[in-house]
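Dumped coords35.pdb below, it's PDB, C-alpha atoms:
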ATOM      1  CA  MET G 270      95.408 -23.274  69.949
ATOM      2  CA  LEU G 271      97.321 -20.053  70.214
ATOM      3  CA  LEU G 272      99.830 -19.214  67.550
ATOM      4  CA  LEU G 273     102.371 -16.503  67.232
ATOM      5  CA  VAL G 274     102.928 -15.558  63.622
ATOM      6  CA  SER G 275     106.072 -13.616  62.840
ATOM      7  CA  TYR G 276     106.733 -12.394  59.348
ATOM      8  CA  ASP G 277     110.079 -11.005  58.282
ATOM      9  CA  VAL G 278     109.773  -9.044  55.063
ATOM     10  CA  SER G 279     111.650  -6.096  53.680
ATOM     11  CA  THR G 280     109.372  -3.078  53.725
ATOM     12  CA  GLU G 281     111.802  -1.087  51.623
ATOM     13  CA  THR G 282     109.906  -2.093  48.500
ATOM     14  CA  SER G 283     106.262  -1.458  47.758
ATOM     15  CA  GLU G 284     105.850  -5.180  47.026
ATOM     16  CA  GLY G 285     107.161  -6.028  50.488
ATOM     17  CA  ARG G 286     104.886  -3.495  52.151
ATOM     18  CA  ARG G 287     101.964  -4.900  50.181
ATOM     19  CA  ARG G 288     102.738  -8.458  51.273
ATOM     20  CA  LEU G 289     102.921  -7.299  54.905
ATOM     21  CA  ARG G 290      99.529  -5.607  54.588
ATOM     22  CA  ARG G 291      98.044  -8.773  53.104
ATOM     23  CA  VAL G 292      99.578 -11.009  55.780
ATOM     24  CA  ALA G 293      98.215  -8.649  58.440
ATOM     25  CA  LYS G 294      94.770  -8.804  56.894
ATOM     26  CA  VAL G 295      94.737 -12.616  56.996
ATOM     27  CA  CYS G 296      96.050 -12.786  60.558
ATOM     28  CA  LEU G 297      93.523 -10.251  61.793
ATOM     29  CA  ASN G 298      90.815 -12.777  60.965
ATOM     30  CA  TYR G 299      92.192 -14.867  63.810
ATOM     31  CA  GLY G 300      93.518 -12.415  66.340
ATOM     32  CA  GLN G 301      95.495  -9.264  66.782
ATOM     33  CA  ARG G 302      98.579  -7.478  65.601
ATOM     34  CA  VAL G 303     100.983  -6.970  68.471
ATOM     35  CA  GLN G 304     103.982  -5.648  66.593
ATOM     36  CA  LYS G 305     104.623  -4.423  63.085
ATOM     37  CA  SER G 306     105.036  -7.968  61.819
ATOM     38  CA  VAL G 307     103.983 -10.149  64.756
ATOM     39  CA  PHE G 308     100.463 -11.454  65.287
ATOM     40  CA  GLU G 309      98.750 -13.480  67.985
ATOM     41  CA  CYS G 310      96.219 -15.837  66.407
ATOM     42  CA  LYS G 311      93.721 -18.174  67.973
ATOM     43  CA  VAL G 312      92.864 -21.057  65.667
ATOM     44  CA  GLU G 313      91.069 -24.343  65.802
ATOM     45  CA  PRO G 314      93.085 -27.245  64.375
ATOM     46  CA  MET G 315      90.972 -27.222  61.207
ATOM     47  CA  GLN G 316      91.617 -23.524  60.682
ATOM     48  CA  LEU G 317      95.356 -23.941  60.919
ATOM     49  CA  GLU G 318      95.604 -25.394  57.428
ATOM     50  CA  THR G 319      93.550 -22.547  55.996
ATOM     51  CA  LEU G 320      95.664 -19.953  57.769
ATOM     52  CA  LYS G 321      98.877 -21.575  56.579
ATOM     53  CA  SER G 322      97.774 -21.885  52.996
ATOM     54  CA  ASP G 323      96.431 -18.324  52.903
ATOM     55  CA  LEU G 324      99.753 -17.029  54.210
ATOM     56  CA  LEU G 325     101.814 -19.161  51.848
ATOM     57  CA  ASP G 326      99.833 -17.749  48.941
ATOM     58  CA  ILE G 327     101.004 -14.271  49.925
ATOM     59  CA  ILE G 328     104.614 -14.513  50.958
ATOM     60  CA  ASN G 329     107.645 -14.628  48.709
ATOM     61  CA  GLU G 330     109.489 -17.701  49.934
ATOM     62  CA  LYS G 331     112.736 -16.608  48.323
ATOM     63  CA  GLU G 332     112.824 -13.246  50.100
ATOM     64  CA  ASP G 333     110.689 -13.459  53.227
ATOM     65  CA  SER G 334     110.629 -15.532  56.381
ATOM     66  CA  LEU G 335     107.414 -16.666  58.010
ATOM     67  CA  ARG G 336     107.299 -18.498  61.309
ATOM     68  CA  LEU G 337     104.361 -19.852  63.304
ATOM     69  CA  TYR G 338     104.852 -20.888  66.913
ATOM     70  CA  ARG G 339     102.491 -22.554  69.331
ATOM     71  CA  ILE G 340     102.513 -20.517  72.491
ATOM     72  CA  VAL G 341     101.799 -21.794  75.982
ATOM     73  CA  GLU G 342      98.332 -21.057  77.310
ATOM     74  CA  PRO G 343      96.899 -19.222  79.047
ATOM     75  CA  LEU G 344      98.429 -16.372  77.113
ATOM     76  CA  GLU G 345      98.229 -13.789  79.877
ATOM     77  CA  LYS G 346     100.507 -15.883  82.097
ATOM     78  CA  ASN G 347     102.964 -16.676  79.346
ATOM     79  CA  VAL G 348     103.629 -13.382  77.711
ATOM     80  CA  MET G 349     105.648 -10.490  79.058
ATOM     81  CA  GLU G 350     105.204  -7.202  77.311
ATOM     82  CA  PHE G 351     107.293  -4.084  77.627
ATOM     83  CA  GLY G 352     107.344  -0.776  75.862
ATOM     84  CA  LYS G 353     104.885   1.302  74.015
ATOM     85  CA  PHE G 354     102.276  -1.298  73.108
ATOM     86  CA  LYS G 355     100.049  -3.401  75.293
ATOM     87  CA  ALA G 356      97.895  -6.010  73.642
ATOM     88  CA  VAL G 357      94.297  -6.596  74.543
ATOM     89  CA  ASP G 358      93.226  -9.890  76.059
ATOM     90  CA  PHE G 359      91.349 -11.281  73.128
ATOM     91  CA  THR G 360      91.089 -14.859  74.326
ATOM     92  CA  ASP G 361      87.882 -14.369  76.271
ATOM     93  CA  THR G 362      86.025 -12.376  73.719
ATOM     94  CA  LEU G 363      87.053 -13.670  70.335
ATOM     95  CA  ILE G 364      84.496 -15.874  68.669
ATOM     96  CA  VAL G 365      86.186 -18.581  66.649
TER      97      VAL G 365
ATOM     98  CA  MET U  83     111.907 -23.002  79.183
ATOM     99  CA  LEU U  84     111.781 -21.811  75.639
ATOM    100  CA  LEU U  85     111.071 -18.183  74.955
ATOM    101  CA  LEU U  86     110.387 -16.290  71.820
ATOM    102  CA  VAL U  87     111.653 -12.745  72.072
ATOM    103  CA  SER U  88     110.280 -10.284  69.550
ATOM    104  CA  TYR U  89     111.539  -6.739  69.474
ATOM    105  CA  ASP U  90     109.862  -4.025  67.468
ATOM    106  CA  VAL U  91     112.163  -1.066  66.990
ATOM    107  CA  SER U  92     112.508   1.479  64.261
ATOM    108  CA  THR U  93     115.753   0.857  62.416
ATOM    109  CA  GLU U  94     115.461   4.136  60.565
ATOM    110  CA  THR U  95     117.599   5.811  63.195
ATOM    111  CA  SER U  96     121.119   4.850  64.184
ATOM    112  CA  GLU U  97     119.969   4.715  67.817
ATOM    113  CA  GLY U  98     117.299   2.161  66.883
ATOM    114  CA  ARG U  99     119.757   0.059  64.933
ATOM    115  CA  ARG U 100     122.145   0.192  67.848
ATOM    116  CA  ARG U 101     119.463  -0.963  70.293
ATOM    117  CA  LEU U 102     118.580  -3.847  67.958
ATOM    118  CA  ARG U 103     122.246  -4.897  67.791
ATOM    119  CA  ARG U 104     122.476  -4.796  71.578
ATOM    120  CA  VAL U 105     119.237  -6.774  72.043
ATOM    121  CA  ALA U 106     120.515  -9.339  69.549
ATOM    122  CA  LYS U 107     123.794  -9.639  71.426
ATOM    123  CA  VAL U 108     121.991 -10.355  74.708
ATOM    124  CA  CYS U 109     119.583 -12.861  73.145
ATOM    125  CA  LEU U 110     122.396 -14.710  71.403
ATOM    126  CA  ASN U 111     123.707 -15.662  74.835
ATOM    127  CA  TYR U 112     120.615 -17.838  75.180
ATOM    128  CA  GLY U 113     119.805 -19.010  71.697
ATOM    129  CA  GLN U 114     119.512 -17.962  68.106
ATOM    130  CA  ARG U 115     118.261 -15.200  65.893
ATOM    131  CA  VAL U 116     115.546 -16.500  63.599
ATOM    132  CA  GLN U 117     114.390 -13.245  62.049
ATOM    133  CA  LYS U 118     115.689  -9.713  62.000
ATOM    134  CA  SER U 119     114.113  -8.968  65.375
ATOM    135  CA  VAL U 120     112.929 -12.369  66.613
ATOM    136  CA  PHE U 121     114.985 -14.685  68.794
ATOM    137  CA  GLU U 122     114.480 -18.163  70.207
ATOM    138  CA  CYS U 123     115.979 -18.348  73.685
ATOM    139  CA  LYS U 124     116.367 -21.255  76.055
ATOM    140  CA  VAL U 125     116.520 -20.122  79.656
ATOM    141  CA  GLU U 126     116.392 -21.587  83.115
ATOM    142  CA  PRO U 127     113.893 -19.870  85.430
ATOM    143  CA  MET U 128     116.745 -18.120  87.249
ATOM    144  CA  GLN U 129     118.128 -16.760  83.983
ATOM    145  CA  LEU U 130     114.808 -15.278  82.959
ATOM    146  CA  GLU U 131     115.161 -12.355  85.355
ATOM    147  CA  THR U 132     118.651 -11.621  84.091
ATOM    148  CA  LEU U 133     117.538 -11.765  80.478
ATOM    149  CA  LYS U 134     114.591  -9.482  81.177
ATOM    150  CA  SER U 135     116.582  -6.935  83.089
ATOM    151  CA  ASP U 136     119.385  -6.913  80.496
ATOM    152  CA  LEU U 137     116.832  -6.285  77.748
ATOM    153  CA  LEU U 138     114.998  -3.608  79.703
ATOM    154  CA  ASP U 139     118.288  -1.787  80.198
ATOM    155  CA  ILE U 140     118.623  -1.537  76.414
ATOM    156  CA  ILE U 141     115.208  -0.772  74.989
ATOM    157  CA  ASN U 142     113.502   2.572  74.821
ATOM    158  CA  GLU U 143     110.127   1.883  76.411
ATOM    159  CA  LYS U 144     108.594   4.977  74.884
ATOM    160  CA  GLU U 145     109.461   4.021  71.316
ATOM    161  CA  ASP U 146     109.985   0.256  71.161
ATOM    162  CA  SER U 147     107.943  -2.839  71.875
ATOM    163  CA  LEU U 148     109.462  -5.940  73.424
ATOM    164  CA  ARG U 149     107.526  -9.151  73.902
ATOM    165  CA  LEU U 150     108.580 -12.478  75.407
ATOM    166  CA  TYR U 151     106.419 -15.559  74.876
ATOM    167  CA  ARG U 152     106.721 -19.032  76.313
ATOM    168  CA  ILE U 153     106.543 -21.444  73.429
ATOM    169  CA  VAL U 154     105.307 -25.010  73.569
ATOM    170  CA  GLU U 155     108.017 -27.662  73.688
ATOM    171  CA  PRO U 156     109.433 -29.569  71.962
ATOM    172  CA  LEU U 157     110.203 -26.713  69.650
ATOM    173  CA  GLU U 158     110.596 -28.791  66.512
ATOM    174  CA  LYS U 159     106.987 -29.979  66.762
ATOM    175  CA  ASN U 160     105.579 -26.573  67.546
ATOM    176  CA  VAL U 161     107.140 -24.304  65.008
ATOM    177  CA  MET U 162     106.389 -24.070  61.319
ATOM    178  CA  GLU U 163     108.916 -22.245  59.231
ATOM    179  CA  PHE U 164     108.559 -21.031  55.678
ATOM    180  CA  GLY U 165     110.698 -18.944  53.409
ATOM    181  CA  LYS U 166     114.312 -18.174  53.125
ATOM    182  CA  PHE U 167     115.542 -19.011  56.595
ATOM    183  CA  LYS U 168     115.599 -22.292  58.448
ATOM    184  CA  ALA U 169     116.704 -22.279  62.044
ATOM    185  CA  VAL U 170     119.038 -24.826  63.509
ATOM    186  CA  ASP U 171     117.856 -27.179  66.221
ATOM    187  CA  PHE U 172     119.782 -25.736  69.113
ATOM    188  CA  THR U 173     117.876 -27.435  71.900
ATOM    189  CA  ASP U 174     120.079 -30.517  71.978
ATOM    190  CA  THR U 175     123.396 -28.814  71.815
ATOM    191  CA  LEU U 176     123.125 -25.569  73.691
ATOM    192  CA  ILE U 177     124.759 -25.585  77.092
ATOM    193  CA  VAL U 178     122.763 -23.519  79.535
TER     194      VAL U 178
END
Target encoding structure tokens, full file:
Amino acid sequence: MLLLVSYDVSTETSEGRRRLRRVAKVCLNYGQRVQKSVFECKVEPMQLETLKSDLLDIINEKEDSLRLYRIVEPLEKNVMEFGKFKAVDFTDTLIV
Amino acid sequence: MLLLVSYDVSTETSEGRRRLRRVAKVCLNYGQRVQKSVFECKVEPMQLETLKSDLLDIINEKEDSLRLYRIVEPLEKNVMEFGKFKAVDFTDTLIV
């Protein structure tokens, strides 16, 4: 399944920036970074629990907000992108 | 359809903060703000073009990134939320 992970964290503190780096590192195991704190991840159902628990180990639940959404597939027909960044189509090439 | 709108803009400048406020104002016509720059929007197909064109009038395509994703419905079964913010279930009550 395809997930969009969005992570709202204050990057005004070094701790916040560190958490964002760690969240990015976990998410990059499953997909790509499309915005500063938004990631497209392709996971098998079994991997979802691992992803969730890895992310929950990182975030500060009192200060941050983490949201995971299932997005409609195929991705290329269900995403519209504007502005300076265009994502790559990782769905064909990613080995999961 | 349900859309997730994510808007990556630098809020270090007053122009960036202003664009974020304007994007938020447009998105709030269709749904709710769930993170600083992430919005859940419920739109009819006809409204999608209006939403897109209103957003494109605001953003700076050279500096910002705007992404719209179709998310799997029903929302409450396809979103996982962690941390300090919990969204309201607007799908039953919003008049579109």
Find the residues in chain G near chain U: any atom within 9 Å counts, using all atoms listed in the file. Write them as a ChimeraX atom specification. /G:273,275-277,303-307,325,328-342,344,347-355
Could you state which residues are captured by the PyMOL selection byres ((chain G and resi 316) around 12) in this file, as a ChimeraX atom specification? /G:270-272,295-296,298-299,310-315,317-323,365
Gap from atom CA of Arg286 of chain G to atom CA of Lys107 of chain U - Å, one decimal: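 These atoms are spaced 27.7 Å apart.
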Suppose you want the space between atom CA of Gly300 of chain G and atom CA of Leu110 of chain U; what is it in Å?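 About the pair atom CA of Gly300 of chain G and atom CA of Leu110 of chain U: they are 29.4 Å apart.
Take atom CA of Thr282 of chain G and atom CA of Phe308 of chain G: the distance between them is 21.4 Å.
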